[in-house]
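Trainee: What follows is target03.csv; its format and atoms are CSV, C-alpha atoms.
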```csv
chain,number,residue,atom,x,y,z
A,16,MET,CA,-60.6,2.4,-37.7
A,17,ASP,CA,-63.6,2.7,-35.3
A,18,CYS,CA,-64.1,5.2,-32.5
A,19,HIS,CA,-62.4,3.0,-29.8
A,20,ASP,CA,-59.3,2.6,-31.9
A,21,ALA,CA,-59.2,6.3,-32.8
A,22,GLN,CA,-59.6,7.4,-29.2
A,23,SER,CA,-56.9,5.0,-28.0
A,24,GLN,CA,-54.5,6.6,-30.5
A,25,MET,CA,-55.2,10.2,-29.7
A,26,THR,CA,-52.5,10.8,-27.1
A,27,ALA,CA,-49.9,9.2,-29.5
A,28,TYR,CA,-51.3,11.4,-32.2
A,29,LEU,CA,-50.7,14.5,-30.2
A,30,SER,CA,-47.2,13.6,-29.1
A,31,GLY,CA,-46.3,12.6,-32.7
A,32,ASP,CA,-45.7,9.0,-31.7
A,33,LEU,CA,-47.7,7.4,-34.5
A,34,LEU,CA,-46.6,5.8,-37.7
A,35,ALA,CA,-47.6,7.8,-40.8
A,36,GLU,CA,-50.3,5.3,-41.8
A,37,ASP,CA,-51.9,5.4,-38.2
A,38,TYR,CA,-51.7,9.1,-38.2
A,39,ARG,CA,-53.6,9.3,-41.5
A,40,ALA,CA,-56.1,6.8,-40.2
A,41,VAL,CA,-56.9,8.9,-37.1
A,42,GLU,CA,-57.2,12.0,-39.3
A,43,ALA,CA,-59.6,10.2,-41.6
A,44,HIS,CA,-61.7,9.0,-38.8
A,45,VAL,CA,-62.1,12.3,-36.9
A,46,SER,CA,-62.9,14.1,-40.1
A,47,SER,CA,-66.0,11.9,-40.5
A,48,CYS,CA,-66.9,11.4,-36.8
A,49,SER,CA,-68.1,14.5,-34.9
A,50,SER,CA,-67.8,12.9,-31.4
A,51,CYS,CA,-64.2,11.9,-31.9
A,52,ARG,CA,-63.5,15.3,-33.4
A,53,VAL,CA,-64.8,16.9,-30.1
A,54,GLU,CA,-62.7,14.4,-28.1
A,55,LEU,CA,-59.5,15.2,-30.1
A,56,ASP,CA,-60.1,18.9,-29.8
A,57,SER,CA,-60.5,18.7,-26.1
A,58,PHE,CA,-57.3,16.7,-25.8
A,59,HIS,CA,-55.5,19.2,-28.1
A,60,GLN,CA,-56.7,22.1,-26.0
A,61,LEU,CA,-55.3,20.3,-22.9
A,62,TRP,CA,-52.1,19.5,-24.6
A,63,GLU,CA,-51.6,23.2,-25.4
A,64,ALA,CA,-52.7,24.3,-21.9
A,65,LEU,CA,-49.9,22.2,-20.4
A,66,ALA,CA,-47.3,24.5,-22.1
A,67,ALA,CA,-48.3,27.2,-19.6
A,68,PHE,CA,-46.9,25.1,-16.7
A,69,PRO,CA,-44.6,27.5,-14.8
A,70,VAL,CA,-41.2,26.1,-13.9
A,71,GLY,CA,-38.7,28.9,-13.1
A,72,SER,CA,-34.9,28.3,-13.1
A,73,PRO,CA,-32.5,26.4,-10.8
A,74,ASP,CA,-30.5,28.4,-8.3
A,75,PRO,CA,-27.4,29.7,-10.2
A,76,ASN,CA,-25.2,28.6,-7.3
A,77,LEU,CA,-26.1,25.0,-8.2
A,78,ASP,CA,-24.1,25.2,-11.4
A,79,ARG,CA,-21.0,26.2,-9.6
A,80,ARG,CA,-21.5,23.7,-6.8
A,81,ILE,CA,-22.2,20.7,-9.1
A,82,LEU,CA,-19.3,21.5,-11.5
A,83,ALA,CA,-16.9,22.1,-8.7
A,84,GLN,CA,-17.8,18.8,-7.0
A,85,VAL,CA,-17.4,17.0,-10.3
A,86,SER,CA,-14.0,18.6,-11.0
A,87,ALA,CA,-12.8,17.7,-7.5
A,88,GLU,CA,-14.0,14.0,-7.8
A,89,LEU,CA,-12.4,13.8,-11.2
A,90,LEU,CA,-9.1,15.0,-9.9
A,91,ASP,CA,-9.3,12.6,-7.1
A,92,ALA,CA,-10.1,9.7,-9.4
A,93,ARG,CA,-7.4,10.6,-11.9
A,94,THR,CA,-4.7,10.9,-9.3
A,95,VAL,CA,-5.4,7.7,-7.5
A,96,PRO,CA,-7.9,5.0,-8.6
A,97,ALA,CA,-10.3,4.7,-5.8
A,98,ALA,CA,-10.2,0.9,-5.6
A,99,ALA,CA,-6.4,0.6,-5.8
A,100,ILE,CA,-4.5,-0.9,-2.9
A,101,ARG,CA,-0.9,0.2,-3.3
A,102,TRP,CA,1.1,-2.9,-2.2
A,103,TRP,CA,4.4,-1.3,-3.0
A,104,GLY,CA,3.4,1.6,-0.7
A,105,ILE,CA,2.6,-0.8,2.1
A,106,ALA,CA,5.9,-2.6,1.7
A,107,VAL,CA,7.9,0.7,1.6
A,108,ALA,CA,6.0,2.1,4.6
A,109,ALA,CA,6.5,-1.1,6.6
A,110,LEU,CA,10.3,-1.2,5.8
A,111,ALA,CA,10.7,2.4,6.7
A,112,ALA,CA,8.8,2.0,10.0
A,113,ALA,CA,10.8,-1.1,10.9
A,114,ALA,CA,14.1,0.8,10.2
A,115,LEU,CA,12.9,3.6,12.4
A,116,SER,CA,11.9,1.3,15.2
A,117,ILE,CA,15.0,-0.8,15.1
A,118,GLY,CA,17.1,2.4,14.8
A,119,ASN,CA,15.3,3.7,17.9
A,120,SER,CA,16.0,0.5,19.8
A,121,VAL,CA,19.7,0.8,19.0
A,122,LEU,CA,19.9,4.3,20.2
A,123,LEU,CA,17.6,3.7,23.2
A,124,PRO,CA,17.7,-0.1,24.0
A,125,TYR,CA,14.4,-1.6,25.2
A,126,GLU,CA,15.8,-2.3,28.7
A,127,VAL,CA,17.0,1.3,29.1
A,128,ALA,CA,13.6,2.6,27.9
A,129,PHE,CA,11.9,0.2,30.4
A,130,GLN,CA,14.0,1.4,33.3
A,131,TRP,CA,13.4,5.1,32.4
A,132,CYS,CA,9.6,4.5,31.9
A,133,SER,CA,9.3,2.4,35.1
A,134,ARG,CA,11.3,5.0,37.2
A,135,THR,CA,9.5,8.0,35.9
A,136,LEU,CA,5.9,6.6,36.0
A,137,ARG,CA,6.3,5.0,39.4
A,138,ALA,CA,7.0,8.4,40.9
A,139,TYR,CA,3.2,8.9,40.5
A,140,ALA,CA,1.0,7.2,43.0
A,141,LEU,CA,-1.3,6.0,40.2
A,142,PHE,CA,1.4,3.8,38.7
A,143,ALA,CA,3.3,2.9,41.9
A,144,ASP,CA,1.9,-0.7,41.9
A,145,VAL,CA,1.9,-1.4,38.2
A,146,SER,CA,3.8,-4.5,37.3
A,147,ASP,CA,7.0,-4.6,35.2
A,148,THR,CA,5.3,-6.6,32.5
A,149,SER,CA,2.9,-3.7,32.0
A,150,PHE,CA,5.8,-1.3,31.6
A,151,PHE,CA,7.3,-3.5,28.9
A,152,PHE,CA,4.0,-3.3,27.2
A,153,VAL,CA,4.1,0.5,27.3
A,154,VAL,CA,7.6,0.6,26.0
A,155,GLY,CA,6.6,-1.8,23.2
A,156,THR,CA,3.7,0.5,22.3
A,157,PHE,CA,6.1,3.4,22.0
A,158,TYR,CA,8.4,1.5,19.6
A,159,GLY,CA,5.5,0.5,17.5
A,160,LEU,CA,3.3,3.6,17.5
A,161,VAL,CA,5.8,6.4,16.8
A,162,PRO,CA,7.5,4.9,13.6
A,163,LEU,CA,4.1,3.9,12.1
A,164,LEU,CA,2.5,7.2,12.9
A,165,VAL,CA,5.4,9.1,11.2
A,166,VAL,CA,5.5,6.9,8.2
A,167,GLY,CA,1.7,6.5,8.0
A,168,LEU,CA,1.3,10.3,7.8
A,169,LEU,CA,3.7,10.6,4.9
A,170,SER,CA,2.4,7.4,3.2
A,171,GLY,CA,-1.2,8.4,3.6
A,172,TRP,CA,-0.4,11.7,2.0
A,173,LEU,CA,1.2,10.0,-0.9
A,174,LEU,CA,-1.3,7.1,-1.4
A,175,ARG,CA,-4.4,9.1,-0.6
A,176,THR,CA,-6.8,6.2,-0.4
A,177,ARG,CA,-7.9,3.2,1.6
A,178,PRO,CA,-6.2,4.3,4.9
A,179,LEU,CA,-7.7,1.5,6.9
A,180,ILE,CA,-6.4,-1.3,4.6
A,181,HIS,CA,-3.0,0.4,3.9
A,182,GLY,CA,-2.5,1.2,7.6
A,183,THR,CA,-3.4,-2.3,8.8
A,184,ALA,CA,-1.3,-4.1,6.2
A,185,ALA,CA,1.7,-1.8,6.8
A,186,SER,CA,1.5,-2.4,10.5
A,187,LEU,CA,1.3,-6.2,10.2
A,188,ALA,CA,4.2,-6.2,7.7
A,189,PHE,CA,6.1,-4.0,10.1
A,190,ALA,CA,5.5,-6.6,12.9
A,191,VAL,CA,6.9,-9.3,10.6
A,192,PHE,CA,10.1,-7.4,10.2
A,193,VAL,CA,10.5,-6.2,13.8
A,194,LEU,CA,9.4,-9.1,16.0
A,195,PRO,CA,12.3,-11.5,15.0
A,196,TYR,CA,14.7,-8.7,15.9
A,197,VAL,CA,13.0,-8.3,19.3
A,198,ILE,CA,13.2,-12.0,20.0
A,199,ILE,CA,16.9,-11.9,19.3
A,200,VAL,CA,17.9,-8.8,21.3
A,201,CYS,CA,15.6,-9.7,24.2
A,202,SER,CA,16.8,-13.3,24.5
A,203,ALA,CA,18.3,-12.6,28.0
A,204,LEU,CA,15.0,-11.2,29.3
A,205,PRO,CA,12.3,-13.3,30.9
A,206,ALA,CA,9.9,-14.6,28.2
A,207,VAL,CA,6.9,-12.8,29.8
A,208,PHE,CA,8.6,-9.4,29.4
A,209,THR,CA,9.5,-10.2,25.8
A,210,LEU,CA,6.0,-11.3,25.0
A,211,SER,CA,4.6,-8.1,26.7
A,212,LEU,CA,7.0,-6.0,24.7
A,213,MET,CA,6.0,-7.7,21.4
A,214,VAL,CA,2.2,-7.3,22.1
A,215,GLY,CA,2.9,-3.6,22.9
A,216,ILE,CA,4.7,-3.2,19.6
A,217,VAL,CA,1.9,-4.8,17.6
A,218,VAL,CA,-0.8,-2.7,19.4
A,219,GLY,CA,1.2,0.5,19.0
A,220,ALA,CA,1.9,-0.3,15.3
A,221,LEU,CA,-1.7,-1.0,14.5
A,222,SER,CA,-2.9,2.2,16.3
A,223,GLY,CA,-0.1,4.3,14.7
A,224,GLY,CA,-0.5,2.8,11.3
A,225,VAL,CA,-4.2,3.2,10.9
A,226,GLY,CA,-4.2,6.6,12.6
A,227,GLY,CA,-1.2,7.8,10.6
A,228,PHE,CA,-2.6,6.6,7.2
A,229,TRP,CA,-6.0,8.0,8.0
A,230,ALA,CA,-4.7,11.4,9.0
A,231,GLY,CA,-2.4,11.6,6.0
A,232,THR,CA,-5.2,10.7,3.6
A,233,HIS,CA,-7.6,13.1,5.2
A,234,ARG,CA,-5.1,15.9,5.2
A,235,TRP,CA,-4.6,15.4,1.5
A,236,ARG,CA,-8.4,15.5,0.9
A,237,LEU,CA,-8.7,18.7,2.9
A,238,ALA,CA,-5.9,20.4,1.0
A,239,HIS,CA,-7.7,19.5,-2.3
B,24,MET,CA,-27.5,19.2,-33.4
B,25,SER,CA,-24.1,20.8,-33.8
B,26,GLY,CA,-21.1,19.7,-31.9
B,27,PRO,CA,-20.5,16.3,-30.4
B,28,SER,CA,-23.5,14.0,-29.7
B,29,ASP,CA,-24.6,13.2,-26.2
B,30,GLN,CA,-23.1,9.7,-26.5
B,31,GLN,CA,-19.8,11.1,-27.6
B,32,LEU,CA,-19.8,13.6,-24.7
B,33,MET,CA,-20.7,10.8,-22.2
B,34,LEU,CA,-17.9,8.6,-23.5
B,35,ALA,CA,-15.5,11.5,-23.0
B,36,VAL,CA,-16.8,11.9,-19.4
B,37,LYS,CA,-16.1,8.2,-18.9
B,38,ALA,CA,-12.5,8.9,-20.1
B,39,GLY,CA,-12.1,11.7,-17.5
B,40,ASP,CA,-12.9,14.8,-19.5
B,41,PRO,CA,-14.4,17.5,-17.2
B,42,THR,CA,-15.3,19.8,-20.1
B,43,ALA,CA,-17.4,17.1,-21.7
B,44,PHE,CA,-19.4,16.8,-18.4
B,45,GLU,CA,-19.9,20.6,-18.4
B,46,GLN,CA,-21.2,20.5,-22.0
B,47,LEU,CA,-23.7,17.8,-21.1
B,48,TYR,CA,-24.7,19.6,-18.0
B,49,ARG,CA,-25.4,22.8,-19.9
B,50,ARG,CA,-27.3,20.9,-22.6
B,51,TYR,CA,-29.7,19.2,-20.1
B,52,ARG,CA,-29.7,21.7,-17.2
B,53,ASP,CA,-32.9,23.5,-18.0
B,54,ARG,CA,-34.7,20.5,-19.4
B,55,LEU,CA,-34.0,18.3,-16.3
B,56,TYR,CA,-34.9,21.1,-13.9
B,57,ALA,CA,-38.2,21.9,-15.7
B,58,PHE,CA,-39.0,18.2,-15.7
B,59,LEU,CA,-38.3,17.8,-12.0
B,60,VAL,CA,-40.3,20.9,-11.0
B,61,ARG,CA,-43.3,19.6,-13.0
B,62,TYR,CA,-42.8,16.0,-11.8
B,63,THR,CA,-42.4,16.7,-8.1
B,64,GLY,CA,-44.6,19.8,-7.8
B,65,ASP,CA,-42.0,21.3,-5.4
B,66,ALA,CA,-39.1,23.6,-6.4
B,67,ALA,CA,-37.0,22.8,-3.3
B,68,ILE,CA,-37.3,19.0,-3.9
B,69,ALA,CA,-36.6,19.6,-7.6
B,70,GLN,CA,-33.4,21.4,-6.8
B,71,ASP,CA,-32.2,18.6,-4.5
B,72,LEU,CA,-33.0,16.0,-7.1
B,73,PHE,CA,-31.5,18.0,-9.8
B,74,GLN,CA,-28.1,18.2,-8.0
B,75,GLU,CA,-28.3,14.5,-7.0
B,76,THR,CA,-29.1,13.4,-10.6
B,77,PHE,CA,-26.2,15.2,-12.2
B,78,LEU,CA,-23.8,13.9,-9.5
B,79,ARG,CA,-25.1,10.4,-10.0
B,80,VAL,CA,-24.6,10.7,-13.7
B,81,PHE,CA,-21.0,11.5,-13.1
B,82,ARG,CA,-20.4,8.9,-10.4
B,83,ASP,CA,-22.0,6.2,-12.4
B,84,ARG,CA,-20.3,7.2,-15.6
B,85,ALA,CA,-18.5,3.8,-15.8
B,86,ARG,CA,-22.0,2.1,-16.1
B,87,TYR,CA,-23.1,4.2,-19.0
B,88,GLU,CA,-23.6,2.2,-22.2
B,89,PRO,CA,-23.8,4.2,-25.5
B,90,ARG,CA,-26.5,1.8,-26.8
B,91,ALA,CA,-29.1,3.8,-24.8
B,92,ALA,CA,-29.9,7.5,-25.5
B,93,PHE,CA,-28.3,9.7,-22.8
B,94,SER,CA,-31.6,11.4,-22.2
B,95,THR,CA,-33.2,8.0,-21.4
B,96,TRP,CA,-30.5,7.3,-18.9
B,97,LEU,CA,-30.7,10.8,-17.3
B,98,PHE,CA,-34.4,10.7,-16.8
B,99,THR,CA,-34.2,7.1,-15.5
B,100,ILE,CA,-31.8,8.3,-12.8
B,101,ALA,CA,-33.9,11.3,-11.9
B,102,ARG,CA,-37.0,9.2,-11.5
B,103,ASN,CA,-35.3,6.5,-9.5
B,104,LEU,CA,-33.9,9.2,-7.2
B,105,PHE,CA,-37.3,10.6,-6.7
B,106,LEU,CA,-38.8,7.2,-5.9
B,107,ASP,CA,-36.0,6.6,-3.4
B,108,SER,CA,-36.6,9.9,-1.7
B,109,VAL,CA,-40.3,9.1,-1.6
B,110,LYS,CA,-39.5,5.9,0.3
B,111,LYS,CA,-37.0,7.6,2.7
B,112,THR,CA,-38.8,10.9,3.4
B,113,ARG,CA,-42.4,10.0,2.7
B,114,ILE,CA,-42.8,12.7,0.1
B,115,PRO,CA,-46.3,12.1,-1.3
B,116,ARG,CA,-46.3,10.4,-4.7
B,117,THR,CA,-49.5,12.2,-5.6
B,118,PHE,CA,-51.3,15.2,-4.2
B,119,PRO,CA,-54.9,16.0,-3.4
B,120,VAL,CA,-57.1,16.4,-6.5
B,121,PRO,CA,-58.0,20.1,-7.0
B,122,GLU,CA,-61.4,21.4,-7.5
B,123,ALA,CA,-62.5,21.4,-11.1
B,124,VAL,CA,-62.1,24.8,-12.7
B,125,SER,CA,-64.6,26.0,-15.1
B,126,ARG,CA,-63.4,27.6,-18.3
B,127,ALA,CA,-65.2,30.9,-17.9
B,128,ALA,CA,-64.6,33.8,-20.2
B,129,PRO,CA,-61.4,35.7,-19.1
B,130,ASP,CA,-62.0,38.7,-17.0
B,131,PRO,CA,-61.1,41.8,-19.1
B,132,SER,CA,-60.0,43.9,-16.1
B,133,PRO,CA,-56.3,44.6,-16.3
B,134,GLY,CA,-53.5,44.8,-13.6
B,135,PRO,CA,-53.1,42.9,-10.4
B,136,LEU,CA,-56.3,41.0,-10.9
B,137,GLU,CA,-55.1,39.5,-14.1
B,138,SER,CA,-51.9,38.6,-12.4
B,139,LEU,CA,-53.7,37.0,-9.5
B,140,GLU,CA,-55.9,35.0,-11.9
B,141,GLN,CA,-52.8,33.9,-13.8
B,142,ARG,CA,-51.2,32.7,-10.6
B,143,GLU,CA,-54.3,30.8,-9.6
B,144,ALA,CA,-54.5,29.2,-13.0
B,145,ASP,CA,-50.9,28.2,-12.7
B,146,ALA,CA,-51.5,26.7,-9.3
B,147,VAL,CA,-54.5,24.8,-10.6
B,148,LEU,CA,-52.5,23.4,-13.5
B,149,ARG,CA,-49.7,22.4,-11.2
B,150,ARG,CA,-52.0,20.7,-8.7
B,151,ALA,CA,-53.8,18.9,-11.5
B,152,VAL,CA,-50.6,17.4,-12.8
B,153,ALA,CA,-49.4,16.6,-9.3
B,154,SER,CA,-52.7,14.7,-8.6
B,155,LEU,CA,-51.9,12.1,-11.3
B,156,ALA,CA,-50.4,8.8,-10.3
B,157,GLU,CA,-46.6,9.0,-10.4
B,158,GLU,CA,-46.2,6.8,-13.5
B,159,GLU,CA,-48.9,8.7,-15.4
B,160,ARG,CA,-47.4,12.0,-14.4
B,161,ALA,CA,-43.9,10.9,-15.6
B,162,ILE,CA,-45.3,9.6,-18.9
B,163,LEU,CA,-47.3,12.7,-19.6
B,164,LEU,CA,-44.4,15.0,-18.8
B,165,LEU,CA,-41.8,13.0,-20.7
B,166,SER,CA,-44.0,12.8,-23.7
B,167,ARG,CA,-45.4,16.4,-23.7
B,168,PHE,CA,-42.3,18.3,-22.7
B,169,GLU,CA,-39.3,16.1,-23.4
B,170,GLY,CA,-40.6,14.8,-26.7
B,171,LEU,CA,-39.6,11.2,-25.8
B,172,ARG,CA,-41.0,8.3,-27.7
B,173,TYR,CA,-43.2,5.8,-25.9
B,174,ALA,CA,-40.5,3.2,-26.4
B,175,GLN,CA,-38.0,5.4,-24.6
B,176,ILE,CA,-40.5,6.2,-21.8
B,177,GLY,CA,-41.1,2.5,-21.5
B,178,GLU,CA,-37.4,2.0,-20.9
B,179,ILE,CA,-37.3,4.6,-18.2
B,180,LEU,CA,-40.3,3.2,-16.4
B,181,GLY,CA,-39.5,-0.4,-17.0
B,182,ILE,CA,-42.9,-1.1,-18.7
B,183,SER,CA,-44.0,-2.0,-22.3
B,184,GLU,CA,-44.6,0.6,-25.0
B,185,GLY,CA,-48.3,-0.5,-25.1
B,186,ALA,CA,-48.6,0.1,-21.3
B,187,VAL,CA,-47.1,3.6,-21.8
B,188,LYS,CA,-49.7,4.3,-24.5
B,189,VAL,CA,-52.6,3.2,-22.3
B,190,ARG,CA,-51.4,5.2,-19.3
B,191,ALA,CA,-50.7,8.3,-21.3
B,192,HIS,CA,-54.3,8.2,-22.6
B,193,ARG,CA,-55.6,7.7,-19.1
B,194,ALA,CA,-53.5,10.6,-17.8
B,195,LEU,CA,-55.0,13.0,-20.3
B,196,GLN,CA,-58.5,11.8,-19.6
B,197,ILE,CA,-58.0,12.5,-15.8
B,198,LEU,CA,-56.6,15.9,-16.6
B,199,ARG,CA,-59.4,16.7,-18.9
B,200,HIS,CA,-61.9,15.7,-16.2
B,201,THR,CA,-60.1,17.9,-13.7
B,202,LEU,CA,-59.4,21.0,-15.8
B,203,LEU,CA,-62.2,20.9,-18.5
B,204,PRO,CA,-65.4,19.7,-16.8
```
Output the file's structure as C-alpha cells, nothing else.

Mentor:
Amino acid sequence: MDCHDAQSQMTAYLSGDLLAEDYRAVEAHVSSCSSCRVELDSFHQLWEALAAFPVGSPDPNLDRRILAQVSAELLDARTVPAAAIRWWGIAVAALAAAALSIGNSVLLPYEVAFQWCSRTLRAYALFADVSDTSFFFVVGTFYGLVPLLVVGLLSGWLLRTRPLIHGTAASLAFAVFVLPYVIIVCSALPAVFTLSLMVGIVVGALSGGVGGFWAGTHRWRLAH
Amino acid sequence: MSGPSDQQLMLAVKAGDPTAFEQLYRRYRDRLYAFLVRYTGDAAIAQDLFQETFLRVFRDRARYEPRAAFSTWLFTIARNLFLDSVKKTRIPRTFPVPEAVSRAAPDPSPGPLESLEQREADAVLRRAVASLAEEERAILLLSRFEGLRYAQIGEILGISEGAVKVRAHRALQILRHTLLP
C-alpha cells in the first residue's frame, strides 16, 4: 500500500468501514510512514472533535403531537379504507332518498307545491314577473335537495370517506329512480313544465347529495 | 438488541399496530433529531423535518420493504424532505465558510469565560459542518454519528459506495482545513 492508497482509506478506517485486511494494511503503512501517521492523527483528532457537536433535544410536545396524529390516522384507516368507494352505501342512500322524494310528492303533489310556491313568491315584487317554468324548477329543486341532504348527512356519517364521489353517484342513482315516476305523474302537464321540474330535481339532488355527504363526513372527522 | 427488530416493528406498523410505531419512534427519536440538527444547522428547521419525517414514515408504511434496513429508509425520507424544503423555501444547502480557528492552548480562567469559549467553539464547529456541501455533510454525519456503512449511505444518497468513500474523505479534508489550519 502506498501513501495515496493509505490516505484514501483513512476515512473508512476511522468509521470502521474497512475489511480486516485493508485495516491491517493501513496500520502497517502508517507505522512506517511519518507523513501518513501525521495525516491519520489529524483526521482522528477531527473525528473526535465532531463528538462535541451540540444538538439539544426535540420539543417534548412533539412526541405527543406526532403519536396522537398517528393514532388518529390509524383509527381512520382501520375504520374505513381511504380508497374504498362503498357502492352498497350509494345504492341504499339513493333508494332512501328516492323513497323520501316520492313520499313527499304523494303527500304534497308537484302541482300543489307549484301553486303554493307561485302564489307565495309572486307576492314579492322581485318574483312578480317570474315565469311558471321557473317555479317548476324551484319545486323540483326542493324535491331533489331535501331528501338527498337528509340522506347524505346520515350516509356521510356512516361511510366517512369520498364525499364527492359518494354524493354525486347517489344523486345520479336517485335521479334514475325518481325521473320515470315524475314523467308518469306529470303526464298531464305541458312538457316544458315537466322538463323544468326534472332539471330542478337533478340540480337539487346533486347539490344536496354532495353537500350532505360532505357535511356528514366532515362532521365525523371533527368528532374523532 | 433486545425486543423485536426494526423490520418486525415496521411490519407490525404496516399491519396497523400503533404501539409498534411508538416503539420505533422512541428507538429513533433522539438519533433522528440529532442528525437533523447537525445536518440542517437550524433547530427550528430540524423540528419541522423531524415531525414530517415520522409522519411520512407512517403514511408511507405500505411502501416499506423489509429488504432494506429501517434506518436507511428513515434517513432517506429525512434527507428527501430536507431537499424538498430547500427547493420550496430556498433554505441554503450550505452556509458561509467560517474563519479558520487556531488551536491555541485553552485559557485556564474559569467561569463565564470558559462557558463563552465553549459556546464559540460549538458555533465554529456547527458552522464548519454546515459549510460542507449537502452530500458531503450527509455522508460525514451518517458515518460519524449514525455508524452507517458506506453501502447504506450510498443507498440513501443514490450514489455508489466508491463515491461515498471519496466524498467522505473530501469532507474530512475540508473540515480539517477549516478547523485545524

Trainee: Please identify all residues of chain A having at least one atom at most 12 Å from any atom of chain B, considering only C-alpha atoms, and return them as a ChimeraX atom specification.

Mentor: /A:20-34,54-94,96-97

Trainee: Report, in Å with one decimal, the straight-line distance from atom CA of A:Val165 to atom CA of A:Val207.

Mentor: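 Straight-line distance from atom CA of A:Val165 to atom CA of A:Val207 works out to 28.8 Å.
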
Trainee: Using all atoms listed in the file, which of B:Ala85, B:Leu72, B:Glu169, B:Ala151 sits nearest B:Ser108?

Mentor: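 Once distances to B:Ser108 are computed over all atoms listed in the file, the minimum belongs to B:Leu72.
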
Trainee: I want to know what sits within 10 Å of A:Phe228, based on all atoms listed in the file, with residues of the same chain fewer than 3 positions away left out; could you give that as a PyMOL selection string?

Mentor: chain A and resi 163-183+185+223-225+231-234

Trainee: Please indicate the distance in Å from atom CA of A:Asp17 to atom CA of A:Ala43, rounded to one decimal place.

Mentor: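 It comes out at 10.6 Å.
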
Trainee: Would you kindly return, as a compact mmCIF listing (two decimals) with C-alpha atoms, in the coordinates of the input, each protein, DNA or RNA residue with an atom no farther than 12 Å from any atom of A:Val145, considering all atoms listed in the file and excluding same-chain residues fewer than 6 positions away?

Mentor:
```
# COMPACT_ATOMS: atom_id res chain seq x y z
CA CYS A 132 9.60 4.50 31.90
CA SER A 133 9.30 2.40 35.10
CA ARG A 134 11.30 5.00 37.20
CA LEU A 136 5.90 6.60 36.00
CA ARG A 137 6.30 5.00 39.40
CA ALA A 138 7.00 8.40 40.90
CA TYR A 139 3.20 8.90 40.50
CA PHE A 151 7.30 -3.50 28.90
CA PHE A 152 4.00 -3.30 27.20
CA VAL A 153 4.10 0.50 27.30
```

Trainee: I want to know what sits within 10 Å of stretch 112-124 of chain A, based on all atoms listed in the file, with residues of the same chain fewer than 5 positions away left out; could you give that as a PyMOL selection string?

Mentor: chain A and resi 106-107+129+157-167+185-186+188-194+196-197+200-201+216+220+224

Trainee: Can you tell me, as JSON, numbers by chain, which residues sit within 10 Å of (-63.9, 5.0, -38.7) in the file's frame, using all atoms listed in the file?

Mentor: {"A": [16, 17, 18, 19, 20, 21, 40, 41, 42, 43, 44, 45, 46, 47, 48, 51]}

Trainee: Rounded to one decimal place, report the atom CA of B:Asp107-atom CA of B:Leu47 distance in Å.

Mentor: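 Result for atom CA of B:Asp107 versus atom CA of B:Leu47: 24.3 Å, one decimal.
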